[in-house]
file data39.txt (compact mmCIF, C-alpha atoms and all ligand atoms)
# COMPACT_ATOMS: atom_id res chain seq x y z
CA MET A 61 -48.32 6.32 28.13
CA PRO A 62 -51.97 7.28 27.35
CA GLU A 63 -52.97 10.78 26.31
CA ASN A 64 -53.94 12.98 29.27
CA SER A 65 -52.19 10.62 31.65
CA GLU A 66 -51.85 13.57 34.03
CA LEU A 67 -55.53 12.92 34.88
CA ILE A 68 -54.30 10.10 37.09
CA HIS A 69 -51.97 10.44 40.05
CA SER A 70 -50.62 8.02 42.58
CA TYR A 71 -51.39 7.97 46.32
CA LYS A 72 -49.69 5.34 48.51
CA GLY A 73 -48.94 3.39 45.34
CA VAL A 74 -52.54 3.35 44.07
CA PRO A 75 -53.57 5.34 40.96
CA PHE A 76 -56.45 7.76 41.59
CA PRO A 77 -58.24 10.15 39.26
CA THR A 78 -56.83 13.62 39.91
CA ARG A 79 -60.36 14.74 40.77
CA VAL A 80 -59.68 12.87 44.02
CA SER A 81 -56.90 15.06 45.37
CA ILE A 82 -54.12 14.16 47.80
CA ASN A 83 -55.72 16.61 50.19
CA GLN A 84 -59.03 14.74 49.96
CA LEU A 85 -57.34 11.41 50.52
CA ASN A 86 -55.37 12.76 53.47
CA SER A 87 -58.52 14.06 55.10
CA LEU A 88 -60.47 10.79 55.00
CA ASP A 89 -59.86 10.08 58.68
CA ALA A 90 -61.96 13.14 59.53
CA PHE A 91 -65.00 11.12 58.48
CA GLU A 92 -67.22 10.34 61.46
CA ALA A 93 -68.72 6.90 61.03
CA ARG A 94 -71.83 5.60 62.78
CA GLU A 95 -72.73 2.06 63.76
CA ASP A 96 -75.65 2.00 61.34
CA ASP A 97 -73.59 3.14 58.32
CA LEU A 98 -73.34 0.74 55.40
CA LEU A 99 -70.16 0.97 53.35
CA LEU A 100 -70.77 -0.01 49.73
CA VAL A 101 -67.41 -1.00 48.34
CA SER A 102 -66.51 -1.87 44.77
CA TYR A 103 -63.72 -1.75 42.28
CA PRO A 104 -64.91 0.69 39.57
CA LYS A 105 -67.36 -0.63 36.96
CA SER A 106 -68.50 -3.57 39.06
CA GLY A 107 -72.12 -2.48 39.42
CA THR A 108 -71.96 0.19 42.13
CA HIS A 109 -74.91 2.17 40.77
CA TRP A 110 -76.93 -1.00 40.51
CA LEU A 111 -76.35 -1.79 44.19
CA VAL A 112 -77.20 1.78 45.16
CA GLU A 113 -80.52 1.45 43.38
CA ILE A 114 -81.24 -1.94 44.94
CA LEU A 115 -80.43 -0.62 48.43
CA LYS A 116 -82.48 2.52 47.96
CA ASN A 117 -85.53 0.56 46.79
CA LEU A 118 -85.05 -2.04 49.51
CA TYR A 119 -84.93 0.50 52.33
CA HIS A 120 -87.86 2.41 50.87
CA CYS A 121 -90.13 -0.60 50.85
CA THR A 122 -89.10 -1.77 54.34
CA SER A 123 -87.85 0.73 56.91
CA GLY A 124 -88.62 3.71 54.67
CA GLN A 125 -85.59 5.85 55.37
CA VAL A 126 -82.11 5.80 53.83
CA THR A 127 -79.56 8.38 52.74
CA ILE A 128 -77.26 7.66 49.84
CA ALA A 129 -74.14 9.66 50.69
CA PRO A 130 -71.83 11.02 47.99
CA PRO A 131 -68.84 8.76 47.30
CA LEU A 132 -66.48 8.99 50.25
CA GLU A 133 -63.18 9.85 48.59
CA PHE A 134 -64.78 12.43 46.29
CA GLN A 135 -65.66 14.61 49.28
CA ASP A 136 -64.08 18.00 49.53
CA PRO A 137 -61.98 18.07 52.76
CA SER A 138 -63.93 21.07 54.04
CA LYS A 139 -67.17 19.14 53.52
CA ILE A 140 -66.31 15.71 54.86
CA CYS A 141 -67.55 16.74 58.31
CA GLU A 142 -70.86 17.83 56.76
CA LEU A 143 -71.63 14.19 56.09
CA ARG A 144 -72.44 14.09 59.79
CA ASN A 145 -75.62 16.06 59.05
CA LEU A 146 -77.01 13.35 56.81
CA PRO A 147 -79.75 11.31 58.47
CA GLY A 148 -79.12 7.58 58.92
CA PRO A 149 -79.01 4.89 57.92
CA ARG A 150 -76.41 6.11 55.44
CA VAL A 151 -75.15 4.12 52.47
CA ILE A 152 -71.62 5.29 51.76
CA PRO A 153 -70.22 4.25 48.38
CA THR A 154 -66.48 4.02 47.90
CA HIS A 155 -63.86 2.44 45.64
CA LEU A 156 -61.13 2.68 48.29
CA PRO A 157 -58.89 -0.30 48.98
CA GLN A 158 -59.38 -1.61 52.51
CA ASN A 159 -56.25 -0.07 54.05
CA MET A 160 -57.37 3.45 53.07
CA VAL A 161 -60.81 3.34 54.61
CA PRO A 162 -61.34 5.92 57.40
CA ARG A 163 -60.33 4.66 60.83
CA GLN A 164 -63.80 5.04 62.33
CA VAL A 165 -65.43 2.81 59.72
CA ARG A 166 -63.23 0.03 61.05
CA SER A 167 -63.46 0.88 64.74
CA LYS A 168 -67.26 1.16 64.61
CA ASP A 169 -67.43 -2.15 62.77
CA CYS A 170 -69.81 -0.78 60.13
CA LYS A 171 -71.46 -3.24 57.78
CA VAL A 172 -69.80 -3.60 54.40
CA ILE A 173 -71.18 -4.83 51.07
CA TYR A 174 -68.45 -5.54 48.53
CA VAL A 175 -69.56 -5.97 44.89
CA ILE A 176 -67.50 -8.34 42.74
CA ARG A 177 -67.72 -8.65 38.97
CA ASN A 178 -65.85 -10.85 36.52
CA PRO A 179 -62.64 -8.83 35.95
CA LYS A 180 -62.83 -9.39 32.21
CA ASP A 181 -66.23 -7.70 32.02
CA THR A 182 -65.03 -5.06 34.47
CA ALA A 183 -62.06 -4.29 32.21
CA VAL A 184 -64.32 -3.96 29.16
CA SER A 185 -66.75 -1.72 31.03
CA MET A 186 -63.89 0.47 32.25
CA PHE A 187 -62.43 0.70 28.76
CA HIS A 188 -65.69 2.14 27.43
CA TYR A 189 -65.97 4.43 30.42
CA TYR A 190 -62.45 5.75 29.82
CA GLN A 191 -63.41 6.51 26.22
CA GLN A 192 -66.24 8.79 27.21
CA ASN A 193 -65.18 10.32 30.46
CA PRO A 194 -63.26 13.60 30.00
CA HIS A 195 -61.86 13.27 33.53
CA LEU A 196 -59.91 10.13 32.65
CA PRO A 197 -56.95 9.55 30.32
CA THR A 198 -57.72 8.86 26.67
CA VAL A 199 -57.01 5.31 25.56
CA HIS A 200 -58.34 4.62 22.08
CA LYS A 201 -57.23 1.03 21.63
CA TRP A 202 -58.65 -1.86 23.60
CA SER A 203 -55.30 -3.72 23.54
CA THR A 204 -53.55 -0.69 25.09
CA PHE A 205 -56.20 -0.41 27.76
CA LEU A 206 -56.07 -4.12 28.60
CA ASP A 207 -52.35 -3.83 29.04
CA LEU A 208 -52.81 -0.97 31.52
CA PHE A 209 -55.55 -2.90 33.34
CA LEU A 210 -53.33 -5.96 33.72
CA LYS A 211 -50.48 -3.84 35.06
CA GLY A 212 -52.83 -2.15 37.53
CA GLU A 213 -52.19 1.21 35.89
CA VAL A 214 -55.83 2.26 35.76
CA VAL A 215 -57.86 4.15 38.35
CA TYR A 216 -57.84 2.34 41.72
CA GLY A 217 -55.04 0.04 40.57
CA SER A 218 -55.04 -3.72 40.26
CA TRP A 219 -58.46 -5.39 40.33
CA ILE A 220 -57.20 -8.44 42.21
CA ASP A 221 -55.18 -6.45 44.76
CA HIS A 222 -58.30 -4.42 45.51
CA LEU A 223 -60.38 -7.54 46.06
CA LEU A 224 -57.66 -9.25 48.11
CA SER A 225 -57.31 -6.20 50.36
CA TRP A 226 -60.97 -6.60 51.34
CA GLU A 227 -61.08 -10.39 51.32
CA ARG A 228 -58.16 -10.70 53.71
CA ALA A 229 -59.36 -8.03 56.10
CA GLU A 230 -63.08 -8.65 56.21
CA THR A 231 -63.66 -12.07 57.60
CA ASN A 232 -66.47 -11.25 59.99
CA GLU A 233 -70.22 -11.49 59.64
CA ASN A 234 -70.45 -7.75 59.03
CA THR A 235 -69.30 -8.12 55.43
CA LEU A 236 -71.33 -9.42 52.53
CA PHE A 237 -69.66 -10.14 49.20
CA VAL A 238 -72.15 -9.86 46.33
CA TYR A 239 -71.47 -11.08 42.81
CA TYR A 240 -72.72 -9.05 39.83
CA GLU A 241 -73.28 -12.31 37.94
CA SER A 242 -75.45 -13.73 40.76
CA LEU A 243 -77.59 -10.61 40.74
CA LYS A 244 -78.06 -11.05 37.01
CA LYS A 245 -79.11 -14.68 37.50
CA ASP A 246 -81.71 -14.21 40.22
CA LEU A 247 -82.11 -10.67 41.51
CA PRO A 248 -85.13 -11.24 43.81
CA LYS A 249 -83.23 -14.01 45.62
CA TYR A 250 -80.24 -11.73 46.29
CA VAL A 251 -82.48 -8.83 47.26
CA GLN A 252 -83.69 -11.13 50.04
CA GLU A 253 -80.15 -12.09 50.99
CA ILE A 254 -79.09 -8.43 51.16
CA SER A 255 -82.21 -7.65 53.12
CA SER A 256 -81.50 -10.23 55.81
CA PHE A 257 -77.85 -9.14 55.99
CA LEU A 258 -79.11 -5.64 56.77
CA GLY A 259 -81.62 -6.91 59.32
CA LEU A 260 -84.54 -5.78 57.16
CA SER A 261 -87.56 -7.87 56.45
CA VAL A 262 -88.81 -8.11 52.90
CA THR A 263 -91.62 -10.24 51.48
CA GLU A 264 -91.18 -12.21 48.27
CA GLU A 265 -93.42 -9.77 46.47
CA GLN A 266 -91.47 -6.76 47.75
CA ALA A 267 -88.21 -8.43 46.67
CA ARG A 268 -89.63 -8.90 43.19
CA GLU A 269 -90.72 -5.25 43.09
CA VAL A 270 -87.29 -4.06 44.23
CA ALA A 271 -85.72 -6.23 41.52
CA LYS A 272 -88.05 -4.81 38.89
CA ARG A 273 -87.34 -1.21 39.82
CA SER A 274 -83.60 -1.94 39.82
CA SER A 275 -83.49 -3.70 36.47
CA PHE A 276 -81.06 -2.40 33.87
CA ARG A 277 -83.92 -1.47 31.54
CA GLU A 278 -85.85 0.49 34.12
CA MET A 279 -82.80 2.33 35.39
CA LYS A 280 -81.59 3.18 31.90
CA GLU A 281 -85.04 4.36 30.81
CA ARG A 282 -85.36 6.62 33.83
CA VAL A 283 -82.01 8.19 33.05
CA GLU A 284 -82.99 8.63 29.38
CA ARG A 285 -86.22 10.35 30.40
CA GLU A 286 -84.22 12.61 32.68
CA LYS A 287 -81.87 13.56 29.84
CA GLN A 288 -84.81 14.81 27.80
CA ARG A 289 -85.97 17.18 30.51
CA GLU A 290 -84.58 20.66 30.80
CA ARG A 291 -84.79 20.63 34.56
CA PRO A 292 -84.06 17.61 36.78
CA ASP A 293 -87.14 15.73 37.89
CA PRO A 294 -87.03 15.30 41.68
CA THR A 295 -89.06 12.08 41.43
CA ASN A 296 -86.55 10.51 39.06
CA THR A 297 -84.27 9.07 41.63
CA VAL A 298 -81.64 7.03 39.79
CA CYS A 299 -78.71 8.07 41.86
CA ALA A 300 -75.79 9.86 40.22
CA LEU A 301 -72.55 8.97 41.91
CA THR A 302 -70.67 10.42 38.99
CA SER A 303 -71.07 13.76 37.28
CA ASP A 304 -72.67 12.08 34.29
CA ARG A 305 -74.90 9.12 34.94
CA LYS A 306 -75.70 8.53 31.27
CA LEU A 307 -72.19 7.06 30.97
CA ILE A 308 -73.08 4.37 33.47
CA PHE A 309 -75.74 2.35 31.64
CA ARG A 310 -73.98 0.80 28.68
CA LYS A 311 -74.89 -2.91 28.21
CA GLY A 312 -75.34 -4.27 31.72
CA ALA A 313 -74.50 -7.76 30.47
CA VAL A 314 -72.53 -10.78 31.61
CA GLY A 315 -69.86 -12.03 29.21
CA ASP A 316 -69.41 -8.97 27.00
CA TRP A 317 -65.66 -9.61 27.37
CA LYS A 318 -66.05 -12.34 24.73
CA ASN A 319 -66.79 -9.60 22.18
CA HIS A 320 -63.53 -7.82 23.03
CA PHE A 321 -60.82 -10.30 24.07
CA THR A 322 -58.88 -12.15 21.39
CA ALA A 323 -57.84 -15.70 22.26
CA GLU A 324 -54.31 -14.40 22.82
CA GLN A 325 -55.47 -11.62 25.13
CA ASN A 326 -57.51 -14.13 27.10
CA ALA A 327 -54.45 -16.36 27.48
CA THR A 328 -52.31 -13.40 28.61
CA PHE A 329 -55.00 -12.34 31.06
CA GLU A 330 -55.20 -15.82 32.53
CA ALA A 331 -51.42 -16.12 32.71
CA LEU A 332 -50.95 -12.79 34.46
CA LEU A 333 -53.89 -12.78 36.83
CA GLN A 334 -54.81 -16.41 37.32
CA ASP A 335 -52.21 -17.22 39.97
CA LYS A 336 -53.39 -14.40 42.16
CA ILE A 337 -57.02 -15.15 41.35
CA ASN A 338 -56.51 -18.74 42.44
CA SER A 339 -55.22 -17.50 45.79
CA SER A 340 -58.55 -15.78 46.36
CA GLU A 341 -61.56 -17.82 47.33
CA LEU A 342 -63.83 -15.04 46.16
CA ALA A 343 -62.21 -14.35 42.80
CA SER A 344 -62.00 -18.00 41.87
CA CYS A 345 -65.81 -18.17 42.17
CA VAL A 346 -66.25 -15.58 39.44
CA ASP A 347 -67.56 -17.25 36.28
CA SER A 348 -65.16 -16.88 33.38
P1 LIG B 401 -71.31 -2.14 31.40
O1 LIG B 401 -70.37 -1.03 31.05
O2 LIG B 401 -70.72 -3.50 31.17
O3 LIG B 401 -72.65 -2.01 30.75
P2 LIG B 401 -70.52 1.09 38.15
O4 LIG B 401 -71.86 1.48 38.62
O5 LIG B 401 -69.70 0.42 39.23
O6 LIG B 401 -69.81 2.21 37.49
O7 LIG B 401 -70.70 -0.08 37.05
C1 LIG B 401 -71.23 0.21 35.80
C2 LIG B 401 -71.59 -1.10 35.12
O8 LIG B 401 -72.75 -1.66 35.78
C3 LIG B 401 -71.97 -0.88 33.67
O9 LIG B 401 -71.58 -2.07 32.97
C4 LIG B 401 -73.49 -0.77 33.77
O10 LIG B 401 -74.17 -1.01 32.57
C5 LIG B 401 -73.77 -1.85 34.81
N1 LIG B 401 -75.10 -1.68 35.41
C6 LIG B 401 -75.64 -0.56 35.95
N2 LIG B 401 -76.89 -0.80 36.34
C7 LIG B 401 -77.16 -2.08 36.05
C8 LIG B 401 -78.31 -2.92 36.21
N3 LIG B 401 -79.44 -2.46 36.73
N4 LIG B 401 -78.21 -4.20 35.80
C9 LIG B 401 -77.07 -4.69 35.26
N5 LIG B 401 -75.96 -3.95 35.08
C10 LIG B 401 -76.00 -2.66 35.47

call {"tool": "encode", "arguments": {"input": "data39.txt", "output": "structure tokens"}}
result
Amino acid sequence: MPENSELIHSYKGVPFPTRVSINQLNSLDAFEAREDDLLLVSYPKSGTHWLVEILKNLYHCTSGQVTIAPPLEFQDPSKICELRNLPGPRVIPTHLPQNMVPRQVRSKDCKVIYVIRNPKDTAVSMFHYYQQNPHLPTVHKWSTFLDLFLKGEVVYGSWIDHLLSWERAETNENTLFVYYESLKKDLPKYVQEISSFLGLSVTEEQAREVAKRSSFREMKERVEREKQRERPDPTNTVCALTSDRKLIFRKGAVGDWKNHFTAEQNATFEALLQDKINSSELASCVDS
């Protein structure tokens, strides 16, 4: 049992940070969706902030207008209705599994982008995040954390169950699954793919510019500059979905898991997750 384990509680069998209260989760159905909403879904530490930045830059250089809403499940119940005042199109980030998404998001058939990242890198990223985030339990040892990750006893539960919940439900053309590793390989190409999914039109040059502004280095530098200022700079727009965005930009690399997993841990990981991963077309595409 990790220190401060009371910082996590369970809702419908899924572990949530206690900052997301039962009351908040129960009030999700009060959310009023619109047809032009885009739900940005991810398991934590899969590149959510990166996608937010890409989307923001993409909309700005094409249609001009977009609102990045605060993460859905972090909304105070008394404020969830206030989201209706936000101008559209709205990008609504969430880590919710598919069965917990507000009813209207499904009935209005909103577009969904789901970000997938190699679970080994996701686990490593989450381990470091746990270390530094005072709102999450304290787990000092990597081996202890990996054990919790494999048992699904970390925030938002099992990585593969989360992915499967979305893969099985979202089979229509309104869902785009985006791989972190693909973005790393050729960001301008995927900026164009995201753009056509959203019905936007972007030139090759604009796609390259969006990619440049959304690069790890640029985003991290902007956050660093912000940290040095006493007052927030309104033109520094790297979006903070969490209370502390400096925790977000760690390495931004593919394959960092190799610096953390022992051969034995890798074998255990494969043995425990591989069967389920093989049952998922999406997960089995993730480079390992
Ligand atoms: P690491 O901890 O491996 O560095 P999320 O936004 O879902 O919390 O995910 C955070 C992870 O995405 C972190 O991974 C972070 O460094 C990475 N990330 C954020 N912006 C990125 C970018 N522009 N390019 C690549 N990775 C990025």

call {"tool": "residues_near_ligand", "arguments": {"input": "data39.txt", "ligand": "ligand LIG 401 (chain B)", "cutoff": "8 Å", "atoms": "only C-alpha atoms and all ligand atoms", "output": "MDAnalysis selection string"}}
result
chainID A and resid 102:111 113 181:182 184:186 188:189 240 244 274:280 308:314 316

call {"tool": "atom_distance", "arguments": {"input": "data39.txt", "atom1": "CA of Ile128 in chain A", "atom2": "CA of Val151 in chain A"}}
result
4.9 Å

call {"tool": "closest_residue", "arguments": {"input": "data39.txt", "among": "A:Ala323, A:Cys345, A:Val215, A:Ile254", "to": "Thr78 in chain A", "atoms": "only C-alpha atoms"}}
result
A:Val215

call {"tool": "residues_around", "arguments": {"input": "data39.txt", "residues": "Ser242 in chain A", "least_positions_apart": "2", "cutoff": "12 Å", "atoms": "all atoms listed in the file", "output": "PyMOL selection string"}}
result
chain A and resi 107+175-178+237-240+244-251+253+313-314+345-347

call {"tool": "atom_distance", "arguments": {"input": "data39.txt", "atom1": "CA of Glu269 in chain A", "atom2": "CA of Ser255 in chain A"}}
result
13.4 Å

call {"tool": "atom_distance", "arguments": {"input": "data39.txt", "atom1": "CA of Phe187 in chain A", "atom2": "CA of Ile337 in chain A"}}
result
21.0 Å

call {"tool": "closest_residue", "arguments": {"input": "data39.txt", "among": "A:Asn86, A:Val126, A:Gln288, A:Ile114", "to": "Leu243 in chain A", "atoms": "only C-alpha atoms"}}
result
A:Ile114

call {"tool": "residues_near_point", "arguments": {"input": "data39.txt", "point": "(-60.5, -1.0, 19.7)", "cutoff": "12 Å", "atoms": "all atoms listed in the file", "output": "count of residues only"}}
result
16

call {"tool": "residues_near_point", "arguments": {"input": "data39.txt", "point": "(-67.5, 4.2, 64.5)", "cutoff": "6 Å", "atoms": "all atoms listed in the file", "output": "PyMOL selection string"}}
result
chain A and resi 93-95+164-165+167-168

call {"tool": "closest_residue", "arguments": {"input": "data39.txt", "among": "A:Leu307, A:Ile82, A:Leu156, A:Met61", "to": "Tyr216 in chain A", "atoms": "all atoms listed in the file"}}
result
A:Leu156

call {"tool": "closest_atom_pairs", "arguments": {"input": "data39.txt", "of": "range 135-224 of chain A", "to": "range 256-260 of chain A", "cutoff": "12 Å", "atoms": "only C-alpha atoms", "output": "Markdown table"}}
result
| residue | atom | partner | partner_atom | distance |
| --- | --- | --- | --- | --- |
| A:Pro149 | CA | A:Leu258 | CA | 10.6 |
| A:Val151 | CA | A:Leu258 | CA | 11.4 |
| A:Cys170 | CA | A:Leu258 | CA | 11.0 |
| A:Lys171 | CA | A:Leu258 | CA | 8.1 |
| A:Val172 | CA | A:Leu258 | CA | 9.8 |
| A:Ile173 | CA | A:Phe257 | CA | 9.3 |

call {"tool": "closest_residue", "arguments": {"input": "data39.txt", "among": "A:Arg144, A:His120, A:Lys211, A:Lys336", "to": "Gln266 in chain A", "atoms": "only C-alpha atoms"}}
result
A:His120

call {"tool": "closest_residue", "arguments": {"input": "data39.txt", "among": "A:Asp97, A:Glu241, A:Asp89, A:Glu286", "to": "Pro137 in chain A", "atoms": "all atoms listed in the file"}}
result
A:Asp89

call {"tool": "closest_residue", "arguments": {"input": "data39.txt", "among": "A:Glu281, A:Glu264, A:Asp221, A:Glu133", "to": "Pro179 in chain A", "atoms": "all atoms listed in the file"}}
result
A:Asp221

call {"tool": "residues_around", "arguments": {"input": "data39.txt", "residues": "Tyr71 in chain A", "least_positions_apart": "2", "cutoff": "10 Å", "atoms": "only C-alpha atoms", "output": "PDB file with C-alpha atoms, keeping the file's coordinate frame"}}
result
ATOM      1  CA  ILE A  68     -54.300  10.100  37.090  1.00  0.00           C
ATOM      2  CA  HIS A  69     -51.970  10.440  40.050  1.00  0.00           C
ATOM      3  CA  GLY A  73     -48.940   3.390  45.340  1.00  0.00           C
ATOM      4  CA  VAL A  74     -52.540   3.350  44.070  1.00  0.00           C
ATOM      5  CA  PRO A  75     -53.570   5.340  40.960  1.00  0.00           C
ATOM      6  CA  PHE A  76     -56.450   7.760  41.590  1.00  0.00           C
ATOM      7  CA  VAL A  80     -59.680  12.870  44.020  1.00  0.00           C
ATOM      8  CA  SER A  81     -56.900  15.060  45.370  1.00  0.00           C
ATOM      9  CA  ILE A  82     -54.120  14.160  47.800  1.00  0.00           C
ATOM     10  CA  LEU A  85     -57.340  11.410  50.520  1.00  0.00           C
ATOM     11  CA  ASN A  86     -55.370  12.760  53.470  1.00  0.00           C
ATOM     12  CA  TYR A 216     -57.840   2.340  41.720  1.00  0.00           C
TER      13      TYR A 216
END

call {"tool": "decode", "arguments": {"input": "data39.txt", "residues": "range 94-113 of chain A", "atoms": "N, CA and C atoms", "output": "tab-separated table (two decimals), in the first residue's frame"}}
result
chain	number	residue	atom	x	y	z
A	94	ARG	N	-22.38	19.62	-27.45
A	94	ARG	CA	-22.81	20.21	-28.73
A	94	ARG	C	-22.22	19.39	-29.87
A	95	GLU	N	-22.88	19.46	-31.01
A	95	GLU	CA	-22.41	18.66	-32.15
A	95	GLU	C	-20.97	18.99	-32.55
A	96	ASP	N	-20.57	20.25	-32.34
A	96	ASP	CA	-19.21	20.61	-32.79
A	96	ASP	C	-18.17	20.47	-31.67
A	97	ASP	N	-18.53	19.81	-30.57
A	97	ASP	CA	-17.53	19.54	-29.53
A	97	ASP	C	-16.56	18.46	-30.00
A	98	LEU	N	-15.31	18.59	-29.56
A	98	LEU	CA	-14.34	17.53	-29.81
A	98	LEU	C	-13.89	17.00	-28.45
A	99	LEU	N	-14.10	15.71	-28.23
A	99	LEU	CA	-13.65	15.11	-26.97
A	99	LEU	C	-12.23	14.58	-27.18
A	100	LEU	N	-11.32	15.06	-26.35
A	100	LEU	CA	-9.92	14.62	-26.44
A	100	LEU	C	-9.67	13.62	-25.31
A	101	VAL	N	-9.61	12.36	-25.67
A	101	VAL	CA	-9.55	11.32	-24.64
A	101	VAL	C	-8.15	10.71	-24.57
A	102	SER	N	-7.71	10.44	-23.36
A	102	SER	CA	-6.42	9.77	-23.21
A	102	SER	C	-6.37	9.11	-21.84
A	103	TYR	N	-5.60	8.05	-21.77
A	103	TYR	CA	-5.18	7.53	-20.48
A	103	TYR	C	-4.09	8.51	-20.01
A	104	PRO	N	-4.00	8.79	-18.70
A	104	PRO	CA	-3.01	9.79	-18.26
A	104	PRO	C	-1.60	9.49	-18.76
A	105	LYS	N	-0.87	10.56	-19.02
A	105	LYS	CA	0.54	10.54	-19.44
A	105	LYS	C	0.75	9.96	-20.84
A	106	SER	N	-0.26	10.15	-21.68
A	106	SER	CA	-0.15	9.65	-23.06
A	106	SER	C	0.15	10.76	-24.05
A	107	GLY	N	0.22	12.01	-23.57
A	107	GLY	CA	0.48	13.12	-24.48
A	107	GLY	C	-0.70	14.07	-24.63
A	108	THR	N	-1.55	14.13	-23.63
A	108	THR	CA	-2.75	14.98	-23.68
A	108	THR	C	-2.40	16.45	-23.95
A	109	HIS	N	-1.42	16.96	-23.19
A	109	HIS	CA	-1.06	18.38	-23.36
A	109	HIS	C	-0.50	18.64	-24.76
A	110	TRP	N	0.19	17.66	-25.26
A	110	TRP	CA	0.74	17.80	-26.62
A	110	TRP	C	-0.40	17.96	-27.62
A	111	LEU	N	-1.39	17.08	-27.53
A	111	LEU	CA	-2.53	17.16	-28.44
A	111	LEU	C	-3.29	18.48	-28.29
A	112	VAL	N	-3.42	18.94	-27.05
A	112	VAL	CA	-4.10	20.22	-26.82
A	112	VAL	C	-3.38	21.32	-27.58
A	113	GLU	N	-2.06	21.31	-27.48
A	113	GLU	CA	-1.27	22.35	-28.15
A	113	GLU	C	-1.40	22.23	-29.68
